[in-house]
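> Below is work-v3.txt; it holds compact mmCIF, C-alpha atoms and all ligand atoms.
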```txt
# COMPACT_ATOMS: atom_id res chain seq x y z
CA MET A 294 52.49 12.90 114.66
CA GLY A 295 49.57 15.14 115.72
CA LYS A 296 50.32 18.46 117.36
CA THR A 297 48.45 20.35 120.05
CA ILE A 298 47.90 24.08 120.02
CA LYS A 299 46.69 25.96 123.08
CA THR A 300 45.29 29.49 123.01
CA LEU A 301 45.43 31.81 126.02
CA ASN A 302 43.27 34.56 124.56
CA ASN A 303 40.51 34.88 122.03
CA ILE A 304 42.20 34.28 118.68
CA ALA A 305 40.40 35.05 115.40
CA GLN A 306 38.96 31.84 113.93
CA VAL A 307 40.59 32.45 110.56
CA GLY A 308 43.93 32.13 112.34
CA LEU A 309 42.97 28.93 114.12
CA ASP A 310 41.78 27.54 110.78
CA VAL A 311 45.44 27.55 109.67
CA PHE A 312 45.91 24.55 111.98
CA LYS A 313 44.21 21.75 110.06
CA ASP A 314 44.54 17.96 109.70
CA ASP A 315 47.23 16.92 112.16
CA TYR A 316 46.45 19.62 114.70
CA THR A 317 44.20 19.76 117.74
CA ILE A 318 43.26 23.02 119.43
CA ASP A 319 43.07 22.11 123.11
CA ASN A 320 42.88 25.02 125.50
CA ASP A 321 43.03 22.69 128.52
CA SER A 322 46.22 21.00 127.41
CA ALA A 323 48.95 20.94 130.07
CA ASN A 324 51.61 20.14 127.50
CA PRO A 325 50.91 21.72 124.11
CA ASP A 326 53.40 21.90 121.22
CA ALA A 327 52.67 25.60 120.78
CA ILE A 328 50.75 28.42 122.42
CA VAL A 329 49.01 31.32 120.69
CA LEU A 330 48.11 34.37 122.76
CA ARG A 331 47.52 38.10 122.75
CA SER A 332 47.97 40.07 125.98
CA PHE A 333 47.69 37.16 128.48
CA ASN A 334 50.42 37.54 131.12
CA MET A 335 52.60 34.42 130.89
CA HIS A 336 55.19 35.41 133.46
CA ALA A 337 53.87 33.07 136.14
CA GLU A 338 53.28 30.13 133.76
CA GLU A 339 55.18 26.85 133.84
CA PHE A 340 56.10 25.42 130.46
CA GLY A 341 55.39 21.82 129.50
CA SER A 342 58.23 19.71 128.10
CA GLU A 343 56.62 19.61 124.63
CA LEU A 344 56.29 23.37 124.29
CA LYS A 345 58.38 24.41 121.29
CA ALA A 346 56.99 27.77 120.33
CA ILE A 347 54.82 30.68 121.44
CA GLY A 348 53.05 32.91 118.92
CA ARG A 349 52.13 36.39 120.07
CA ALA A 350 49.27 37.57 117.84
CA GLY A 351 50.44 41.15 118.20
CA VAL A 352 53.67 43.05 118.68
CA GLY A 353 54.54 43.66 122.35
CA VAL A 354 56.12 40.63 124.02
CA ASN A 355 56.47 42.11 127.51
CA ASN A 356 53.73 39.67 128.65
CA ILE A 357 56.01 36.71 127.79
CA PRO A 358 59.13 35.68 129.77
CA VAL A 359 61.30 35.79 126.64
CA ASP A 360 64.64 35.14 128.40
CA LYS A 361 63.26 32.05 130.13
CA CYS A 362 61.90 30.85 126.77
CA SER A 363 65.31 31.29 125.11
CA GLU A 364 67.01 29.31 127.86
CA GLN A 365 64.46 26.49 127.45
CA GLY A 366 64.63 26.45 123.65
CA ILE A 367 61.14 27.84 123.14
CA VAL A 368 60.94 30.10 120.12
CA VAL A 369 58.80 33.23 120.63
CA PHE A 370 57.21 34.76 117.55
CA ASN A 371 55.33 38.03 117.13
CA THR A 372 53.54 39.61 114.17
CA PRO A 373 55.37 42.80 113.23
CA GLY A 374 53.22 45.34 111.43
CA ALA A 375 50.07 43.19 111.44
CA ASN A 376 48.14 45.60 113.66
CA ALA A 377 50.01 48.81 112.83
CA ASN A 378 47.26 50.32 110.68
CA ALA A 379 44.63 49.74 113.36
CA VAL A 380 46.78 51.45 115.99
CA LYS A 381 47.67 54.31 113.65
CA GLU A 382 43.99 55.00 112.93
CA LEU A 383 43.19 55.19 116.65
CA VAL A 384 46.21 57.41 117.35
CA ILE A 385 45.16 59.87 114.64
CA THR A 386 41.54 59.72 115.84
CA SER A 387 42.62 60.41 119.41
CA LEU A 388 44.97 63.18 118.37
CA ILE A 389 42.17 65.11 116.70
CA ALA A 390 39.42 64.13 119.13
CA SER A 391 41.44 65.12 122.20
CA SER A 392 42.45 68.44 120.59
CA ARG A 393 38.80 69.21 120.00
CA ASN A 394 37.75 68.09 123.50
CA LEU A 395 35.46 65.63 121.79
CA PHE A 396 35.51 62.99 124.52
CA GLU A 397 34.60 65.52 127.23
CA GLY A 398 32.02 67.24 124.98
CA VAL A 399 30.22 64.00 124.16
CA GLN A 400 30.21 63.00 127.81
CA TRP A 401 28.68 66.35 128.74
CA ALA A 402 26.09 66.22 125.96
CA ASN A 403 24.91 62.88 127.34
CA THR A 404 24.20 64.57 130.69
CA LEU A 405 21.50 66.64 128.96
CA LYS A 406 19.28 63.59 128.46
CA GLY A 407 15.75 64.29 129.69
CA LYS A 408 16.03 68.11 129.47
CA GLY A 409 13.39 68.17 126.72
CA ASP A 410 13.09 71.35 124.65
CA GLU A 411 15.87 72.94 126.68
CA VAL A 412 18.54 70.74 125.09
CA GLY A 413 19.21 73.00 122.08
CA LYS A 414 19.60 76.10 124.24
CA LEU A 415 21.79 74.27 126.77
CA VAL A 416 24.03 72.94 123.99
CA GLU A 417 24.62 76.40 122.56
CA ALA A 418 25.28 77.87 126.00
CA GLY A 419 27.51 75.02 127.14
CA LYS A 420 29.68 74.45 124.09
CA LYS A 421 32.13 77.19 125.03
CA GLN A 422 33.57 74.86 127.67
CA PHE A 423 34.87 72.63 124.90
CA VAL A 424 36.59 75.04 122.54
CA GLY A 425 39.52 73.10 121.15
CA LYS A 426 42.61 73.64 119.08
CA GLU A 427 43.54 72.55 115.58
CA ILE A 428 46.41 70.22 114.88
CA ASN A 429 47.23 71.93 111.57
CA ARG A 430 50.71 73.59 111.73
CA LYS A 431 51.38 72.13 115.20
CA THR A 432 54.36 69.89 115.87
CA LEU A 433 53.94 66.19 116.57
CA GLY A 434 56.91 64.39 118.14
CA VAL A 435 57.00 60.67 117.39
CA ILE A 436 59.21 58.52 119.61
CA GLY A 437 59.89 55.14 117.98
CA LEU A 438 59.76 54.93 114.21
CA GLY A 439 58.75 51.32 113.71
CA ALA A 440 55.64 50.03 111.98
CA ILE A 441 53.23 52.27 113.90
CA GLY A 442 55.43 55.34 114.40
CA ALA A 443 56.18 55.55 110.67
CA LEU A 444 52.48 55.34 109.70
CA VAL A 445 51.51 57.93 112.32
CA SER A 446 54.29 60.28 111.13
CA ASN A 447 53.30 60.10 107.48
CA ASP A 448 49.60 60.62 108.16
CA ALA A 449 50.19 63.50 110.59
CA LEU A 450 52.18 65.25 107.85
CA ARG A 451 49.25 64.77 105.47
CA LEU A 452 47.00 66.41 108.07
CA GLY A 453 49.17 69.51 108.00
CA MET A 454 51.31 68.87 111.06
CA ASP A 455 55.06 69.27 111.33
CA VAL A 456 56.57 65.99 112.46
CA ILE A 457 59.80 65.44 114.34
CA ALA A 458 60.83 61.87 115.17
CA TYR A 459 63.36 60.11 117.34
CA ASP A 460 64.55 56.52 116.95
CA PRO A 461 68.23 55.65 117.37
CA PHE A 462 67.68 52.15 115.94
CA VAL A 463 65.55 52.98 112.94
CA SER A 464 65.31 50.08 110.45
CA VAL A 465 65.94 50.15 106.72
CA ASN A 466 62.26 49.30 106.14
CA THR A 467 61.15 52.37 108.02
CA ALA A 468 63.69 54.55 106.30
CA TRP A 469 62.17 53.53 102.95
CA SER A 470 58.58 54.06 104.05
CA LEU A 471 59.04 57.40 105.81
CA SER A 472 58.28 60.74 104.18
CA ARG A 473 61.39 62.84 103.74
CA ASN A 474 59.47 65.69 105.42
CA VAL A 475 59.70 63.98 108.79
CA GLN A 476 62.39 65.84 110.68
CA ARG A 477 64.95 63.68 112.46
CA ALA A 478 65.51 64.68 116.10
CA VAL A 479 69.14 64.40 117.12
CA SER A 480 68.08 63.63 120.69
CA MET A 481 65.00 62.88 122.77
CA GLU A 482 65.52 66.25 124.45
CA GLN A 483 65.20 68.09 121.12
CA LEU A 484 61.96 66.24 120.34
CA LEU A 485 60.51 66.90 123.79
CA ALA A 486 61.38 70.60 123.63
CA GLU A 487 59.83 71.18 120.19
CA SER A 488 56.62 69.11 120.28
CA ASP A 489 53.06 70.28 120.93
CA TYR A 490 51.94 66.65 120.86
CA ILE A 491 54.05 63.58 121.59
CA SER A 492 53.13 60.06 120.48
CA VAL A 493 55.21 57.18 121.79
CA HIS A 494 55.65 53.94 119.81
CA VAL A 495 58.48 51.98 121.43
CA PRO A 496 58.43 48.51 123.04
CA LEU A 497 58.41 48.23 126.82
CA THR A 498 61.88 47.04 127.87
CA GLU A 499 64.18 47.60 130.83
CA GLU A 500 65.59 50.58 128.88
CA THR A 501 62.28 52.22 128.02
CA LYS A 502 60.46 51.64 131.33
CA GLY A 503 59.77 55.07 132.86
CA LEU A 504 60.93 56.87 129.68
CA PHE A 505 58.47 59.61 130.60
CA ASN A 506 59.54 60.87 134.00
CA LYS A 507 60.15 64.06 135.95
CA ASP A 508 63.18 64.98 133.82
CA SER A 509 61.53 64.33 130.48
CA PHE A 510 58.35 66.18 131.51
CA GLN A 511 60.52 69.14 132.49
CA ASN A 512 61.96 69.28 128.97
CA MET A 513 58.53 69.48 127.34
CA LYS A 514 56.52 72.51 126.24
CA GLU A 515 53.72 73.76 128.50
CA ASP A 516 50.35 72.11 127.79
CA VAL A 517 51.82 69.29 125.70
CA TYR A 518 49.45 66.44 124.82
CA ILE A 519 50.92 62.96 125.23
CA LEU A 520 49.54 59.91 123.43
CA ASN A 521 50.58 56.53 124.77
CA PHE A 522 49.42 53.61 122.66
CA SER A 523 52.51 51.55 123.55
CA ARG A 524 52.52 50.46 127.20
CA GLY A 525 51.52 52.09 130.51
CA GLU A 526 54.85 51.40 132.20
CA LEU A 527 56.67 53.70 129.79
CA VAL A 528 55.33 56.51 131.97
CA ASN A 529 56.20 57.14 135.60
CA GLU A 530 52.70 57.72 136.91
CA ASP A 531 53.68 59.73 140.01
CA ASP A 532 55.63 62.15 137.83
CA LEU A 533 52.76 62.22 135.35
CA ALA A 534 50.35 63.22 138.15
CA ASP A 535 52.58 66.23 138.98
CA ALA A 536 52.95 67.18 135.31
CA LEU A 537 49.18 67.07 134.78
CA GLU A 538 48.55 68.98 137.98
CA SER A 539 50.96 71.77 137.02
CA GLY A 540 49.57 72.01 133.47
CA LYS A 541 52.89 70.99 131.93
CA VAL A 542 50.99 68.08 130.39
CA GLY A 543 47.65 69.30 129.07
CA LYS A 544 46.25 65.86 128.35
CA TYR A 545 47.40 62.27 128.64
CA ILE A 546 45.71 59.94 126.20
CA THR A 547 46.45 56.34 127.09
CA ASP A 548 45.45 52.92 125.79
CA PHE A 549 46.65 51.48 129.13
CA PRO A 550 44.66 53.00 132.00
CA SER A 551 45.61 52.05 135.55
CA ASP A 552 43.63 52.85 138.69
CA LYS A 553 46.08 55.61 139.52
CA VAL A 554 45.81 57.21 136.09
CA LEU A 555 42.01 56.94 136.09
CA ASN A 556 42.00 59.16 139.15
CA MET A 557 43.94 61.95 137.45
CA ASP A 558 42.31 64.90 135.68
CA ASN A 559 42.85 65.47 131.96
CA VAL A 560 43.38 61.82 131.22
CA ILE A 561 41.63 60.20 128.27
CA PRO A 562 41.57 56.49 129.15
CA ILE A 563 41.01 54.05 126.31
CA PRO A 564 40.52 50.35 127.14
CA HIS A 565 43.41 48.95 125.07
CA LEU A 566 41.55 49.31 121.78
CA GLY A 567 44.55 50.10 119.58
CA ALA A 568 44.60 46.75 117.81
CA SER A 569 40.93 45.95 118.28
CA THR A 570 39.59 45.85 114.76
CA GLY A 571 38.38 42.75 112.97
CA GLU A 572 40.99 43.30 110.28
CA SER A 573 43.88 43.62 112.71
CA GLU A 574 42.81 40.66 114.85
CA GLU A 575 42.59 38.50 111.75
CA ASN A 576 45.92 39.70 110.35
CA CYS A 577 47.67 38.99 113.63
CA ALA A 578 46.05 35.59 114.14
CA VAL A 579 46.81 34.37 110.62
CA MET A 580 50.39 35.62 110.70
CA ALA A 581 51.06 34.10 114.13
CA ALA A 582 49.50 30.78 113.13
CA ARG A 583 51.36 30.52 109.82
CA GLN A 584 54.69 31.26 111.49
CA LEU A 585 54.06 28.64 114.18
CA LYS A 586 52.93 26.04 111.66
CA ALA A 587 55.98 26.63 109.47
CA PHE A 588 58.27 26.29 112.47
CA LEU A 589 56.62 23.13 113.81
CA GLU A 590 56.59 21.44 110.40
CA THR A 591 59.81 22.64 108.78
CA GLY A 592 61.87 24.27 111.51
CA ASN A 593 62.01 27.52 109.52
CA ILE A 594 61.89 30.64 111.68
CA LYS A 595 60.30 33.91 110.60
CA ASN A 596 59.67 36.81 112.98
CA ALA A 597 60.97 35.27 116.19
CA VAL A 598 62.09 37.74 118.84
CA ASN A 599 64.59 35.45 120.58
CA PHE A 600 66.14 33.35 117.79
CA PRO A 601 67.34 34.39 114.32
CA ASN A 602 65.21 34.34 111.19
CA THR A 603 66.38 31.15 109.48
CA PHE A 604 65.15 29.61 106.26
CA LEU A 605 66.13 26.49 104.35
CA PRO A 606 63.84 25.11 101.59
CA TYR A 607 62.18 22.04 103.09
CA SER A 608 62.78 18.84 101.16
CA GLY A 609 60.48 16.67 103.28
CA LYS A 610 63.34 14.30 104.07
CA THR A 611 65.04 14.46 107.47
CA ARG A 612 65.94 17.78 109.05
CA VAL A 613 67.99 18.20 112.21
CA THR A 614 67.25 21.52 113.93
CA VAL A 615 69.37 22.74 116.81
CA LEU A 616 68.81 25.82 118.98
CA HIS A 617 72.08 26.66 120.68
CA GLU A 618 74.23 29.34 122.20
CA SER A 619 76.14 31.48 119.76
CA ILE A 620 79.62 30.19 120.61
CA PRO A 621 82.51 28.86 118.48
CA ASN A 622 82.69 25.33 117.13
CA MET A 623 79.01 24.43 117.43
CA VAL A 624 78.35 23.59 113.79
CA SER A 625 81.35 21.27 113.51
CA GLN A 626 80.35 19.40 116.69
CA ILE A 627 76.79 18.98 115.41
CA THR A 628 77.93 17.75 111.97
CA THR A 629 80.39 15.35 113.64
CA ALA A 630 77.53 13.90 115.69
CA ILE A 631 75.49 13.44 112.51
CA SER A 632 78.41 11.85 110.63
CA SER A 633 78.94 9.39 113.48
CA TYR A 634 75.66 7.76 112.36
CA ASP A 635 76.98 7.52 108.80
CA LEU A 636 74.52 10.10 107.60
CA ASN A 637 75.26 12.36 104.65
CA ILE A 638 74.47 16.07 104.86
CA ALA A 639 72.56 17.56 101.90
CA ASP A 640 72.19 21.18 102.97
CA MET A 641 72.58 23.36 106.02
CA VAL A 642 72.16 26.85 107.46
CA ASN A 643 73.38 28.56 110.61
CA ARG A 644 72.30 31.97 111.91
CA SER A 645 72.89 33.83 115.14
CA HIS A 646 71.06 36.59 117.00
CA GLU A 647 72.03 38.32 120.24
CA GLY A 648 73.83 35.42 121.88
CA PHE A 649 71.62 32.65 120.49
CA ALA A 650 71.97 30.68 117.27
CA TYR A 651 70.07 28.19 115.17
CA THR A 652 71.42 25.47 112.91
CA MET A 653 69.32 23.41 110.50
CA ILE A 654 70.88 20.48 108.68
CA ASP A 655 69.15 18.42 106.00
CA ILE A 656 70.11 14.77 105.75
CA GLU A 657 70.24 13.30 102.26
CA ASP A 658 67.64 10.59 102.95
CA LYS A 659 64.87 9.87 105.44
CA ILE A 660 66.63 8.45 108.46
CA ASN A 661 65.61 5.39 110.37
CA GLY A 662 63.16 6.27 113.20
CA ASP A 663 65.25 4.31 115.73
CA VAL A 664 68.23 6.57 115.15
CA ILE A 665 66.32 9.77 115.91
CA PRO A 666 66.23 9.65 119.74
CA ASN A 667 69.89 8.60 119.92
CA LEU A 668 71.05 11.32 117.56
CA GLU A 669 68.92 13.88 119.39
CA GLU A 670 70.45 12.84 122.69
CA LYS A 671 73.98 12.94 121.29
CA ILE A 672 73.53 16.49 119.96
CA ASN A 673 71.82 17.62 123.16
CA LEU A 674 74.91 16.53 125.09
CA ILE A 675 77.08 19.06 123.22
CA GLN A 676 77.82 21.93 125.54
CA GLY A 677 75.92 25.04 124.41
CA VAL A 678 73.08 23.10 122.75
CA ILE A 679 69.69 24.13 124.11
CA ARG A 680 67.28 21.95 122.17
CA THR A 681 67.44 19.55 119.25
CA ARG A 682 64.48 18.54 117.16
CA ILE A 683 64.57 16.10 114.30
CA ILE A 684 61.73 16.56 111.84
N1 LIG B 701 47.76 49.70 121.77
C1 LIG B 701 47.88 48.55 121.12
O1 LIG B 701 46.93 47.80 120.98
C2 LIG B 701 49.19 48.20 120.50
C3 LIG B 701 49.24 47.48 119.31
C4 LIG B 701 50.47 47.22 118.73
C5 LIG B 701 51.64 47.60 119.37
N2 LIG B 701 51.54 48.25 120.57
C6 LIG B 701 52.76 48.70 121.26
O2 LIG B 701 53.44 49.59 120.39
C7 LIG B 701 54.81 49.25 120.34
C8 LIG B 701 55.36 49.62 118.98
O3 LIG B 701 54.75 48.83 117.98
P1 LIG B 701 55.34 48.77 116.51
O4 LIG B 701 54.51 47.80 115.76
O5 LIG B 701 55.54 50.11 115.95
O6 LIG B 701 56.76 48.10 116.83
P2 LIG B 701 58.10 48.14 116.00
O7 LIG B 701 58.96 47.09 116.57
O8 LIG B 701 57.80 48.12 114.54
O9 LIG B 701 58.72 49.56 116.34
C9 LIG B 701 59.31 49.91 117.57
C10 LIG B 701 60.34 50.99 117.27
O10 LIG B 701 60.80 51.51 118.52
C11 LIG B 701 62.17 51.81 118.35
N3 LIG B 701 62.79 51.98 119.65
C12 LIG B 701 63.15 51.02 120.53
N4 LIG B 701 63.67 51.60 121.63
C13 LIG B 701 63.64 52.94 121.43
C14 LIG B 701 64.04 54.06 122.21
N5 LIG B 701 64.57 53.91 123.41
N6 LIG B 701 63.85 55.30 121.69
C15 LIG B 701 63.31 55.47 120.47
N7 LIG B 701 62.93 54.44 119.68
C16 LIG B 701 63.08 53.19 120.16
C17 LIG B 701 62.70 50.66 117.52
O11 LIG B 701 63.92 51.00 116.89
C18 LIG B 701 61.58 50.44 116.54
O12 LIG B 701 61.79 51.18 115.34
C19 LIG B 701 54.84 47.74 120.64
O13 LIG B 701 56.07 47.34 121.19
C20 LIG B 701 53.70 47.57 121.61
O14 LIG B 701 54.16 47.74 122.93
C21 LIG B 701 50.36 48.55 121.13
O1 LIG B 702 45.93 41.95 121.25
C1 LIG B 702 45.61 43.10 121.40
O2 LIG B 702 44.45 43.50 121.36
C2 LIG B 702 46.65 44.17 121.67
C3 LIG B 702 47.99 43.89 121.09
C4 LIG B 702 48.98 45.02 121.28
O3 LIG B 702 49.08 45.48 122.56
C5 LIG B 702 50.33 44.62 120.73
O4 LIG B 702 51.34 44.80 121.40
O5 LIG B 702 50.35 44.18 119.58
```
Would you write out, as structure tokens, the structure that this file holds?

Amino acid sequence: MGKTIKTLNNIAQVGLDVFKDDYTIDNDSANPDAIVLRSFNMHAEEFGSELKAIGRAGVGVNNIPVDKCSEQGIVVFNTPGANANAVKELVITSLIASSRNLFEGVQWANTLKGKGDEVGKLVEAGKKQFVGKEINRKTLGVIGLGAIGALVSNDALRLGMDVIAYDPFVSVNTAWSLSRNVQRAVSMEQLLAESDYISVHVPLTEETKGLFNKDSFQNMKEDVYILNFSRGELVNEDDLADALESGKVGKYITDFPSDKVLNMDNVIPIPHLGASTGESEENCAVMAARQLKAFLETGNIKNAVNFPNTFLPYSGKTRVTVLHESIPNMVSQITTAISSYDLNIADMVNRSHEGFAYTMIDIEDKINGDVIPNLEEKINLIQGVIRTRII
């Protein structure tokens, strides 16, 4: 049966092209099978009964009510690493450009328009206002060593910086990709105390909201430069205003300007350009679309943030997929329901992730279409089952 995809932001065409044949892209649909978005804020959205999956073409999912989605059996995907290079390039650019007062210098040079032959003389006289500092041999503190933090760390080392990093949950992938010359901070406090520049690359969660506050600013060196390409809410803006005013923070470079921050001195506001390259937008769109398509057609889950990665080779016969709570005795109740229709199981998989679980069971043959709604209903009645889909 045909499926409807709705987009809530501009999504690169090459990503939308993944949805061919049986798919319709309908941005007015009130009840799509899946939604693809970037930074659109979904917190006030109602979900249609057909909505099975949301694909975030990007990394941060703080714009999506993930808990509500889990409870309603809507799988939320993101695209880890797909825009990391784009963000890294802008972080490194901003690190150097802010150290050299490039943004302020360029802005000032533009004010000389119309000064005719005087321009050369004015430039030479005025440039002393913009004397900068070099990043070579300075210390960069990287908070969050995921896809972006690891790339930033490695490149900063290549540029001659010392790098100290903090991430209590560092993944095996990062550990493999990270230069051994990145120093591991034993605590946030150590990183804050030793860094001339701090770049933050953690998700916005209840735990990380306000990570930069009065106490953390106090721990930092005088005149530290902070780069925030993660999310604005990681920083307590009232405390930031004081830290900028006192000179504790020399510059705040942010990809997430707010009205408050725009009114502070020594802020470099960037209009959320971190992931805005053609390459990154295409990578994210294609990855999000492929993951959604695979899930809709086969039930396989890759890169969901609220349900476990789960893969079972798809035979094209009948597959029963069940999103459920991670509690005892679920698999046996589901298989009993299947057996009650005299159906033979060919293969199965069960995975769990932070309180939620996913079971996929392949039936030996294609099952009769009339059985499907009854079997679905029977499984849905099992306590702890969130959503059953028979493909
Ligand atoms: N500016 C942009 O356009 C842009 C683009 C991509 C991502 N982002 C933001 O950057 C964030 C990081 O992206 P990523 O691709 O590197 O994500 P990622 O998931 O690969 O890495 C995040 C890292 O943060 C670590 N972490 C979590 N909580 C932490 C804490 N309290 N202290 C230290 N480390 C902690 C995790 O262990 C993980 O290694 C995203 O969540 C998103 O908010 C912004
Ligand atoms: O879509 C974008 O341009 C930004 C995405 C970025 O904030 C992310 O979290 O991946």
> Given a cut-off of 6 Å, what residues near ligand LIG 701 (chain B) show up using all atoms listed in the file, put as JSON, numbers by chain?
{"A": [352, 353, 373, 374, 376, 377, 380, 436, 437, 438, 439, 440, 441, 442, 459, 460, 461, 462, 463, 494, 495, 496, 497, 501, 522, 523, 524, 548, 565, 566, 567, 568]}
> Can you list, as a ChimeraX atom specification, every protein, DNA or RNA residue that comes within 8 Å of A:Leu668 when you count all atoms listed in the file, leaving out same-chain residues fewer than 3 positions away?
/A:630-631,634,664-665,671-672
> Have a look at A:Ala375, A:Ile385, A:Ala346, A:Ala327 and name the one nearest to A:Met580; count only C-alpha atoms.
A:Ala375
> Got a sec: who's within 7 Å of A:Met454, counting only C-alpha atoms, leaving out chain neighbours fewer than 2 positions off, as a PyMOL selection string?
chain A and resi 428-433+449-450+452+456
> To one decimal place in Å, what is the distance between atom CA of A:Ile656 and atom CA of A:Arg612?
6.1 Å
> The centre and edge lengths of an axis-aligned box containing all atoms of ligand LIG 702 (chain B) present in the file, extended by 8 Å on each side, are to be given in Å to one decimal, as JSON.

```
{"center_x": 47.9, "center_y": 43.7, "center_z": 121.1, "size_x": 22.9, "size_y": 19.5, "size_z": 19.0}
```
> Please, which residues are within 9 Å of (55.3, 62.5, 134.3) by the file's coordinates, counting only C-alpha atoms, and could they come as number ranges by chain?
A: 503, 505-511, 528-537, 542
> Compare A:Glu343, A:Glu417, A:Glu575, A:Glu397 by their minimum atom-to-atom distance to A:Ile328, counting only C-alpha atoms, and give me the closest one.
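That would be A:Glu343, the residue with the smallest distance to A:Ile328.
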> Need the shell around A:Asn474: protein/DNA/RNA residues with any atom at most 12 Å away, counting all atoms listed in the file. Skip same-chain ones fewer than 6 positions apart. Format as a PyMOL selection string?
chain A and resi 443+446-451+453-458+468
> Go ahead and write the residues just picked, C-alpha atoms, as a PDB file, in the frame of the given file.

```pdb
ATOM      1  CA  ALA A 443      56.180  55.550 110.670  1.00  0.00           C
ATOM      2  CA  SER A 446      54.290  60.280 111.130  1.00  0.00           C
ATOM      3  CA  ASN A 447      53.300  60.100 107.480  1.00  0.00           C
ATOM      4  CA  ASP A 448      49.600  60.620 108.160  1.00  0.00           C
ATOM      5  CA  ALA A 449      50.190  63.500 110.590  1.00  0.00           C
ATOM      6  CA  LEU A 450      52.180  65.250 107.850  1.00  0.00           C
ATOM      7  CA  ARG A 451      49.250  64.770 105.470  1.00  0.00           C
ATOM      8  CA  GLY A 453      49.170  69.510 108.000  1.00  0.00           C
ATOM      9  CA  MET A 454      51.310  68.870 111.060  1.00  0.00           C
ATOM     10  CA  ASP A 455      55.060  69.270 111.330  1.00  0.00           C
ATOM     11  CA  VAL A 456      56.570  65.990 112.460  1.00  0.00           C
ATOM     12  CA  ILE A 457      59.800  65.440 114.340  1.00  0.00           C
ATOM     13  CA  ALA A 458      60.830  61.870 115.170  1.00  0.00           C
ATOM     14  CA  ALA A 468      63.690  54.550 106.300  1.00  0.00           C
TER      15      ALA A 468
END
```
